[in-house]
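Chemist: One structure, pasted below without further comment.
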Amino acid sequence: MMVSHCSRRSAIDCISWFRRGGTPLLFLCALATAAAAPPNILWIIAEDMGVNFSCYGETALQTPVVDRMAREGVRFANAFATAPVCSAARSALITGMYQTTLGAHNHQSSRGSHKIFLPQNVRLVPELFKAAGYYVTNQEKADYNFEWDPSVYAGEDWSGRAPGQPFFAQVQLRGGKLRDDKADLARIRKELPRLVGPQDVRIPPYYPDHPEIRQDWADYLNAVAYTDREVGVVLERLRKDGDAANTYVFFITDHGISHARGKQFLYDEGIHVPLVLWGPGLPAGTVREDLAELIDLGPTSLALAGIPIPAVMQGRDLLAGLPPLEVSFAARDRCDETVDRIRSVRTSQYKYIRNYYPERPYLQPSSYKDGKPFIQLIRRLDREGRLDPVQSLITAPRRPPEELYDLRNDPWEIHNLAGDAGSRPVLEQLRTRLDRWIVDTRDQGEIPESEAAYDSEMEVYLADKPSEERRAQIRRNIAQMKAWQAAGR
């Protein structure tokens with residue numbers, strides 16, 4: 001255990017640590033291991049999946065692989081994505097910075113003629129590992145909202161590295177998106193020894209308890225169980241290759257489940273994510289209750305590898321013994337053709353959400369979301385008057401400018417306390433914290449996306465759709481966005 005712990009330190013760090021009171025035995029251990037091979041760093045990232053793992057309290061299924069990682073490593077109970085959609089969340093993850101600071105906050109940006117460039121002092125996490133001599137790979141997905149050099153990745157697999165060369169690798173899993181494909185669903189149903197059935201699931205109270213919703217949720221949970229098996233395949237490869245003893249593995253998801261109140265929204269269903277760290281020398285079975293953000297992965301990984309953390313990074317080294325994070329922040333902006341701006345700040349007990357377009361419905365026209373069967377069902381039940389007041393929250397034609405939730409007493413975030421006189425002090429405190437964050441982090445969402453930039457992205461988005469019916473729907477939605485903007489909505 002001591003050797004593994006000390007091997008994470010550079011010789012300089014170990015000497016400094018000894019001078020601050022480290023024991024002579026551990027100091028000698030540090031000197032003996034400082035020149036040892038640096039550790040491998042592996043990020044396993046699943047898409048569209050929340051904290052529905054058994055080690056996080058999900059009871060409808062078992063996830064033995066991720067559970068074992070948690071037993072043998074560190075589980076962060078309160079980790080959050082800084083954006084509830086993939087490209088914005090990954091832009092933040094790969095830089096260790098808020099996507100809003102970088103101007104990378106609008107989903108799938110820099111695709112058209114309008115380009116977004118990172119500041120010169122901002123480098124991608126894999127660039128920093130490559131500069132330190134690591135073999136850097138990414139399997140399948142690199143979805144960033146800015147211009148970057150794909151050659152930073154040597155390929156999709158770390159097997160091509162030189163003998164003794166450490167690797168930094170990203171492995172992407174389809175996660176919750178597995179339930180969107182009939183072939184994937186058929187494979188899951190064939191290969192899993194036990195399937196979650198509609199009768200096994202617990203539907204959140206803000207969704208109708210309908211057979212179609214139950215089946216969709218069961219399909220999602222089966223995708224979670226299948227993802228757990230895929231994580232096991234990756235870990236088994238590390239073991240067979242002899243790399244497990246010198247590899248730190250982070251398991252995360254990019255954001256929460258794709259559902260009406262999940263993906264693209266700042267409720268916990270959209271941003272609360274699993275974060276489990278497994279590797280040598282970690283205090284086994286540790287559960288961290290303090291707040292963490294996915295932008296902390298970069299700094300933590302660099303620190304484990306003994307690589308200096310750039311001062312510009314806004315994330316923190318989660319293992320540095322820093323004071324607990326008091327608040328975490330998240331942001332939602334344009335997703336595909338749908339223009340929006342939402343910001344949130346969260347403490348261990350409260351969440352404050354600010355809606356910048358309160359005159360628009362929560363479920364604005366969106367070709368992506370409106371293509372989902374569960375959205376179509378919710379819209380139909382709403383038209384038929386078959387949703388109760390809680391289930392109707394997401395279908396409201398307008399939204400409150402501010403939302404405030406007591407998460408300890410209202411974990412489903414359905415009782416808005418923003419108008420409650422007794423909650424006024426908390427509301428004002430969090431409102432001020434968010435205002436300060438917007439200024440301090442230079443939130444570029446303060447400046448609306450130009451029409452030229454929007455049109456540039458929409459041109460590419462439309463060209464990517466093979467169906468004329470889908471393109472016609474997108475054009476109608478674009479026209480609606482522009483009409484609302486012209487009307488000041």
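Identifiers in this document derive from the order of the structure tokens: chains are assigned A, B, ..., residues are numbered from 1 separately in each chain, and ligands are numbered from 1 in order of occurrence.
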Can you tell me, as JSON, numbers by chain, which residues in range 295-477 of chain A count as helix (DSSP H, G or I) by DSSP?
Modeler: {"A": [295, 296, 297, 298, 299, 300, 301, 302, 303, 304, 367, 368, 369, 370, 373, 374, 375, 376, 377, 378, 379, 380, 381, 382, 383, 393, 394, 395, 421, 422, 423, 424, 425, 426, 427, 428, 429, 430, 431, 432, 433, 434, 435, 436, 437, 438, 439, 440, 444, 445, 446, 451, 452, 453, 454, 455, 456, 457, 458, 459, 460, 461, 462, 463, 468, 469, 470, 471, 472, 473, 474, 475, 476, 477]}
Chemist: How would the residues just picked look written out with C-alpha atoms as a tab-separated table (two decimals), in the first residue's frame?
Modeler:
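The file below, again.tsv, is the result:
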```tsv
chain	number	residue	atom	x	y	z
A	295	ILE	CA	-14.39	19.22	-14.63
A	296	ASP	CA	-12.48	17.85	-11.63
A	297	LEU	CA	-11.49	14.71	-13.57
A	298	GLY	CA	-8.75	16.44	-15.55
A	299	PRO	CA	-6.93	17.99	-12.59
A	300	THR	CA	-7.28	14.81	-10.52
A	301	SER	CA	-5.91	12.65	-13.35
A	302	LEU	CA	-2.98	14.99	-13.96
A	303	ALA	CA	-2.13	14.99	-10.25
A	304	LEU	CA	-2.20	11.18	-10.11
A	367	SER	CA	-36.84	17.56	-33.30
A	368	TYR	CA	-34.56	15.44	-31.11
A	369	LYS	CA	-36.75	15.26	-28.02
A	370	ASP	CA	-40.05	15.24	-29.91
A	373	PRO	CA	-41.75	7.94	-27.78
A	374	PHE	CA	-41.93	8.97	-24.11
A	375	ILE	CA	-42.16	12.66	-25.05
A	376	GLN	CA	-44.87	11.91	-27.58
A	377	LEU	CA	-46.76	9.97	-24.90
A	378	ILE	CA	-46.41	12.75	-22.31
A	379	ARG	CA	-47.63	15.35	-24.81
A	380	ARG	CA	-50.62	13.17	-25.74
A	381	LEU	CA	-51.58	12.51	-22.10
A	382	ASP	CA	-51.29	16.23	-21.42
A	383	ARG	CA	-53.65	17.07	-24.30
A	393	LEU	CA	-44.95	20.58	-14.42
A	394	ILE	CA	-42.82	19.74	-17.46
A	395	THR	CA	-45.64	20.46	-19.93
A	421	ALA	CA	-41.33	33.88	2.21
A	422	GLY	CA	-39.56	31.57	4.64
A	423	SER	CA	-37.09	30.53	1.93
A	424	ARG	CA	-36.27	34.09	0.90
A	425	PRO	CA	-32.83	34.21	2.60
A	426	VAL	CA	-31.69	31.01	0.84
A	427	LEU	CA	-33.07	32.26	-2.47
A	428	GLU	CA	-31.22	35.55	-2.22
A	429	GLN	CA	-27.99	33.86	-1.14
A	430	LEU	CA	-27.98	31.43	-4.05
A	431	ARG	CA	-29.10	34.09	-6.50
A	432	THR	CA	-26.07	36.13	-5.46
A	433	ARG	CA	-23.76	33.11	-5.71
A	434	LEU	CA	-24.92	32.47	-9.26
A	435	ASP	CA	-24.53	36.13	-10.23
A	436	ARG	CA	-20.98	36.09	-8.89
A	437	TRP	CA	-20.13	32.86	-10.73
A	438	ILE	CA	-21.43	34.27	-14.02
A	439	VAL	CA	-19.10	37.26	-13.66
A	440	ASP	CA	-16.10	35.46	-12.18
A	444	GLN	CA	-20.25	33.68	-22.45
A	445	GLY	CA	-23.88	32.70	-22.49
A	446	GLU	CA	-24.55	36.28	-21.41
A	451	GLU	CA	-27.95	34.83	-36.07
A	452	ALA	CA	-25.05	34.15	-38.44
A	453	ALA	CA	-23.55	31.58	-36.05
A	454	TYR	CA	-26.95	29.97	-35.43
A	455	ASP	CA	-27.70	29.76	-39.16
A	456	SER	CA	-24.25	28.27	-39.79
A	457	GLU	CA	-24.83	25.49	-37.27
A	458	MET	CA	-28.36	24.84	-38.50
A	459	GLU	CA	-27.16	24.46	-42.07
A	460	VAL	CA	-24.89	21.60	-40.99
A	461	TYR	CA	-27.55	20.14	-38.70
A	462	LEU	CA	-30.11	20.06	-41.50
A	463	ALA	CA	-27.68	18.53	-43.97
A	468	GLU	CA	-37.10	15.33	-45.54
A	469	GLU	CA	-39.83	15.02	-42.91
A	470	ARG	CA	-37.26	15.55	-40.16
A	471	ARG	CA	-35.68	18.48	-42.02
A	472	ALA	CA	-39.10	20.10	-42.45
A	473	GLN	CA	-39.73	19.75	-38.71
A	474	ILE	CA	-36.38	21.36	-37.91
A	475	ARG	CA	-37.09	24.25	-40.29
A	476	ARG	CA	-40.43	24.86	-38.55
A	477	ASN	CA	-38.68	24.85	-35.18
```
Chemist: Neighbours of range 268-270 of chain A within 9 Å (only C-alpha atoms; same-chain residues fewer than 4 positions away dropped), as a list in words?
Modeler: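 With the cut-off at 9 Å, the set is Asp48, Met49, Gly50, Val51, Phe80, Ala81, Ala83, Pro84, Val85, His255, Gly256, Ile257, Ser258, His259, Arg261, Gly262, Lys263, Gln264, Pro411, Trp412 and Glu413 of chain A.
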Chemist: Save the residues we just selected, N, CA and C atoms, as a PDB file, in the first residue's frame?
Modeler:
```pdb
ATOM      1  N   ASP A  48     -25.668   9.201 -21.530  1.00  0.00           N
ATOM      2  CA  ASP A  48     -27.106   9.287 -21.213  1.00  0.00           C
ATOM      3  C   ASP A  48     -27.512   8.366 -20.061  1.00  0.00           C
ATOM      4  N   MET A  49     -26.821   8.462 -18.946  1.00  0.00           N
ATOM      5  CA  MET A  49     -27.068   7.519 -17.852  1.00  0.00           C
ATOM      6  C   MET A  49     -26.850   8.204 -16.512  1.00  0.00           C
ATOM      7  N   GLY A  50     -27.803   8.068 -15.620  1.00  0.00           N
ATOM      8  CA  GLY A  50     -27.699   8.669 -14.306  1.00  0.00           C
ATOM      9  C   GLY A  50     -27.070   7.734 -13.291  1.00  0.00           C
ATOM     10  N   VAL A  51     -27.445   7.902 -12.029  1.00  0.00           N
ATOM     11  CA  VAL A  51     -26.815   7.147 -10.938  1.00  0.00           C
ATOM     12  C   VAL A  51     -27.592   5.879 -10.607  1.00  0.00           C
ATOM     13  N   PHE A  80     -21.534  15.920 -10.296  1.00  0.00           N
ATOM     14  CA  PHE A  80     -22.471  16.529 -11.231  1.00  0.00           C
ATOM     15  C   PHE A  80     -21.776  16.966 -12.510  1.00  0.00           C
ATOM     16  N   ALA A  81     -22.471  16.740 -13.633  1.00  0.00           N
ATOM     17  CA  ALA A  81     -22.019  17.284 -14.906  1.00  0.00           C
ATOM     18  C   ALA A  81     -22.262  18.788 -14.899  1.00  0.00           C
ATOM     19  N   ALA A  83     -23.001  20.357 -17.626  1.00  0.00           N
ATOM     20  CA  ALA A  83     -23.981  20.562 -18.695  1.00  0.00           C
ATOM     21  C   ALA A  83     -24.768  19.274 -18.870  1.00  0.00           C
ATOM     22  N   PRO A  84     -26.064  19.367 -19.218  1.00  0.00           N
ATOM     23  CA  PRO A  84     -26.889  18.163 -19.336  1.00  0.00           C
ATOM     24  C   PRO A  84     -27.005  17.637 -20.756  1.00  0.00           C
ATOM     25  N   VAL A  85     -26.001  17.907 -21.591  1.00  0.00           N
ATOM     26  CA  VAL A  85     -26.001  17.414 -22.967  1.00  0.00           C
ATOM     27  C   VAL A  85     -24.556  17.103 -23.341  1.00  0.00           C
ATOM     28  N   HIS A 255     -23.716  12.720 -18.664  1.00  0.00           N
ATOM     29  CA  HIS A 255     -24.829  13.458 -18.039  1.00  0.00           C
ATOM     30  C   HIS A 255     -25.902  12.436 -17.718  1.00  0.00           C
ATOM     31  N   GLY A 256     -27.067  12.879 -17.294  1.00  0.00           N
ATOM     32  CA  GLY A 256     -28.101  11.956 -16.851  1.00  0.00           C
ATOM     33  C   GLY A 256     -28.902  11.331 -17.975  1.00  0.00           C
ATOM     34  N   ILE A 257     -29.949  10.607 -17.591  1.00  0.00           N
ATOM     35  CA  ILE A 257     -30.792   9.859 -18.507  1.00  0.00           C
ATOM     36  C   ILE A 257     -31.493  10.788 -19.495  1.00  0.00           C
ATOM     37  N   SER A 258     -31.647  10.307 -20.715  1.00  0.00           N
ATOM     38  CA  SER A 258     -32.414  11.041 -21.713  1.00  0.00           C
ATOM     39  C   SER A 258     -33.893  10.784 -21.457  1.00  0.00           C
ATOM     40  N   HIS A 259     -34.515  11.759 -20.817  1.00  0.00           N
ATOM     41  CA  HIS A 259     -35.949  11.688 -20.543  1.00  0.00           C
ATOM     42  C   HIS A 259     -36.478  13.117 -20.482  1.00  0.00           C
ATOM     43  N   ARG A 261     -37.450  15.183 -18.115  1.00  0.00           N
ATOM     44  CA  ARG A 261     -36.883  16.103 -17.139  1.00  0.00           C
ATOM     45  C   ARG A 261     -35.395  15.850 -16.913  1.00  0.00           C
ATOM     46  N   GLY A 262     -34.818  14.941 -17.685  1.00  0.00           N
ATOM     47  CA  GLY A 262     -33.418  14.593 -17.500  1.00  0.00           C
ATOM     48  C   GLY A 262     -32.518  15.352 -18.439  1.00  0.00           C
ATOM     49  N   LYS A 263     -32.006  14.675 -19.443  1.00  0.00           N
ATOM     50  CA  LYS A 263     -31.109  15.289 -20.423  1.00  0.00           C
ATOM     51  C   LYS A 263     -31.680  16.612 -20.927  1.00  0.00           C
ATOM     52  N   GLN A 264     -30.812  17.617 -20.975  1.00  0.00           N
ATOM     53  CA  GLN A 264     -31.108  18.985 -21.410  1.00  0.00           C
ATOM     54  C   GLN A 264     -31.754  19.833 -20.321  1.00  0.00           C
ATOM     55  N   PRO A 411     -36.384  15.546  -2.828  1.00  0.00           N
ATOM     56  CA  PRO A 411     -35.350  15.079  -3.765  1.00  0.00           C
ATOM     57  C   PRO A 411     -35.822  15.021  -5.210  1.00  0.00           C
ATOM     58  N   TRP A 412     -37.133  14.981  -5.443  1.00  0.00           N
ATOM     59  CA  TRP A 412     -37.633  14.931  -6.823  1.00  0.00           C
ATOM     60  C   TRP A 412     -37.737  16.322  -7.451  1.00  0.00           C
ATOM     61  N   GLU A 413     -37.493  17.359  -6.688  1.00  0.00           N
ATOM     62  CA  GLU A 413     -37.521  18.742  -7.190  1.00  0.00           C
ATOM     63  C   GLU A 413     -38.867  19.078  -7.833  1.00  0.00           C
TER      64      GLU A 413
END
```
Chemist: Could you work out how far CA of Ala260 in chain A lies from CA of Tyr206 in chain A, giving the answer in Å with one decimal?
Modeler: 9.6 Å
Chemist: Give me the residues within 9 Å of Val152 in chain A as a VMD selection string, counting only C-alpha atoms and dropping any in the same chain fewer than 4 places off.
Modeler: chain A and resid 124 126 to 127 130 136 to 137 148
Chemist: May I have the residues from that selection written out with N, CA and C atoms, as a PDB file, in the first residue's frame?
Modeler:
```
ATOM      1  N   LEU A 124      -6.085  20.863 -23.985  1.00  0.00           N
ATOM      2  CA  LEU A 124      -6.891  19.701 -23.653  1.00  0.00           C
ATOM      3  C   LEU A 124      -6.130  18.781 -22.699  1.00  0.00           C
ATOM      4  N   PRO A 126      -5.874  15.526 -22.763  1.00  0.00           N
ATOM      5  CA  PRO A 126      -5.015  14.574 -23.478  1.00  0.00           C
ATOM      6  C   PRO A 126      -3.762  15.218 -24.071  1.00  0.00           C
ATOM      7  N   GLU A 127      -3.816  16.488 -24.425  1.00  0.00           N
ATOM      8  CA  GLU A 127      -2.610  17.173 -24.904  1.00  0.00           C
ATOM      9  C   GLU A 127      -1.548  17.222 -23.816  1.00  0.00           C
ATOM     10  N   LYS A 130      -0.058  13.814 -23.461  1.00  0.00           N
ATOM     11  CA  LYS A 130       0.829  13.524 -24.598  1.00  0.00           C
ATOM     12  C   LYS A 130       2.161  14.239 -24.435  1.00  0.00           C
ATOM     13  N   VAL A 136      -1.730   8.374 -25.931  1.00  0.00           N
ATOM     14  CA  VAL A 136      -3.067   8.924 -25.696  1.00  0.00           C
ATOM     15  C   VAL A 136      -4.042   8.362 -26.724  1.00  0.00           C
ATOM     16  N   THR A 137      -5.142   7.800 -26.250  1.00  0.00           N
ATOM     17  CA  THR A 137      -6.123   7.199 -27.156  1.00  0.00           C
ATOM     18  C   THR A 137      -7.542   7.579 -26.751  1.00  0.00           C
ATOM     19  N   TRP A 148     -10.097  21.651 -32.612  1.00  0.00           N
ATOM     20  CA  TRP A 148      -9.029  20.945 -31.902  1.00  0.00           C
ATOM     21  C   TRP A 148      -8.337  20.014 -32.892  1.00  0.00           C
TER      22      TRP A 148
END
```
Chemist: Under the rule that only C-alpha atoms are counted, which of A:Leu221, A:Pro397, A:Ala292, A:Val287 is the nearest residue to Leu322 in chain A?
Modeler: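 Among A:Leu221, A:Pro397, A:Ala292, A:Val287, it is A:Ala292 that comes nearest to Leu322 in chain A.
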Chemist: In Å, with one decimal, what is the gap from CA of Val234 in chain A to CA of Tyr220 in chain A?
Modeler: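 Atom-to-atom, CA of Val234 in chain A and CA of Tyr220 in chain A are spaced 21.3 Å apart.
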Chemist: As a list in words, please: all residues of range 33-183 of chain A that backbone DSSP puts in strand (DSSP E).
Modeler: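 The strand (DSSP E) subset of range 33-183 of chain A is Asn40, Ile41, Leu42, Trp43, Ile44, Ile45, Ala46, Val74, Arg75, Phe76, Ala77, Asn78, Ala79, Phe80, Tyr135, Val136, Thr137, Asn138, Gln139, Phe167, Phe168, Ala169, Gln170, Val171, Gln172 and Leu173 of chain A.
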Chemist: Could you jot down the CA of Ile307 in chain A to CA of Gly321 in chain A separation for me, Å, one decimal place?
Modeler: 17.5 Å
Chemist: Tell me which of A:Gly285, A:Pro280, A:Gly488, A:Pro204 sits closest to Pro358 in chain A, counting only C-alpha atoms.
Modeler: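 Looking at the shortest contact to Pro358 in chain A, the residue is A:Gly488.
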Chemist: Taking only C-alpha atoms into account, name the residue in A:Val339, A:Asn355, A:Leu363, A:Ser467 that is nearest to Gln485 in chain A.
Modeler: A:Val339
Chemist: Return the single residue from A:Phe167, A:Tyr362, A:Trp43, A:Phe117 that is closest to Gly133 in chain A, with distances computed using only C-alpha atoms.
Modeler: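 Checking each candidate against Gly133 in chain A, we get A:Phe167 as the closest.
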Chemist: Write out as a list in words the residues lying within 8 Å of Asn416 in chain A, counting only C-alpha atoms and excluding same-chain residues fewer than 2 positions away.
Modeler: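 In the requested format, the answer is Glu403, Leu404, Tyr405, Glu413, Ile414, Ala418 and Gly419 of chain A.
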Chemist: I'd like to know which of A:Arg316, A:Arg442, A:Val231, A:Lys372 is closest to Ile213 in chain A, using only C-alpha atoms.
Modeler: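 Using only C-alpha atoms, the shortest distance to Ile213 in chain A belongs to A:Lys372.
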Chemist: List the neighbours of Asp200 in chain A out to 10 Å using only C-alpha atoms; skip same-chain residues closer than 5 positions along the sequence, and give me the result as a ChimeraX atom specification.
Modeler: /A:59-61,195,214-215,217-218,221
Chemist: Can you tell me, as a PyMOL selection string, what residues are no more than 12 Å from Glu230 in chain A when counting only C-alpha atoms, ignoring any on the same chain fewer than 4 positions away?
Modeler: chain A and resi 44-46+63-66+171-175+188+191-192+223-226+234-237+251
Chemist: Store the residues picked out above in a file with C-alpha atoms, as a PDB file, in the first residue's frame.
Modeler:
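The file below, part01.pdb, is the result:
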```
ATOM      1  CA  ILE A  44     -14.634   5.018 -18.982  1.00  0.00           C
ATOM      2  CA  ILE A  45     -17.504   7.269 -20.052  1.00  0.00           C
ATOM      3  CA  ALA A  46     -21.053   6.037 -20.601  1.00  0.00           C
ATOM      4  CA  THR A  63     -24.236  -3.781 -11.096  1.00  0.00           C
ATOM      5  CA  PRO A  64     -21.460  -5.954  -9.619  1.00  0.00           C
ATOM      6  CA  VAL A  65     -18.547  -4.487 -11.592  1.00  0.00           C
ATOM      7  CA  VAL A  66     -19.092  -0.825 -10.728  1.00  0.00           C
ATOM      8  CA  VAL A 171     -13.297   4.481 -23.580  1.00  0.00           C
ATOM      9  CA  GLN A 172     -16.784   5.512 -24.660  1.00  0.00           C
ATOM     10  CA  LEU A 173     -19.822   3.329 -23.971  1.00  0.00           C
ATOM     11  CA  ARG A 174     -23.279   3.901 -25.455  1.00  0.00           C
ATOM     12  CA  GLY A 175     -24.891   3.584 -22.037  1.00  0.00           C
ATOM     13  CA  ILE A 188     -29.242  -6.967 -24.173  1.00  0.00           C
ATOM     14  CA  GLU A 191     -27.215 -11.738 -23.140  1.00  0.00           C
ATOM     15  CA  LEU A 192     -28.309 -10.544 -19.690  1.00  0.00           C
ATOM     16  CA  ALA A 223     -28.914  -0.833 -20.472  1.00  0.00           C
ATOM     17  CA  VAL A 224     -27.324   0.115 -17.137  1.00  0.00           C
ATOM     18  CA  ALA A 225     -26.786  -3.560 -16.292  1.00  0.00           C
ATOM     19  CA  TYR A 226     -25.310  -4.196 -19.739  1.00  0.00           C
ATOM     20  CA  VAL A 234     -12.385  -3.331 -19.930  1.00  0.00           C
ATOM     21  CA  LEU A 235     -11.173  -4.100 -16.406  1.00  0.00           C
ATOM     22  CA  GLU A 236     -10.566  -7.736 -17.325  1.00  0.00           C
ATOM     23  CA  ARG A 237      -8.388  -6.636 -20.205  1.00  0.00           C
ATOM     24  CA  PHE A 251     -15.999   5.532 -14.328  1.00  0.00           C
TER      25      PHE A 251
END
```
Chemist: Determine the nearest neighbour of Glu289 in chain A from the options A:Glu326, A:Glu156, A:Asp464, A:Asp443, counting only C-alpha atoms.
Modeler: A:Glu326
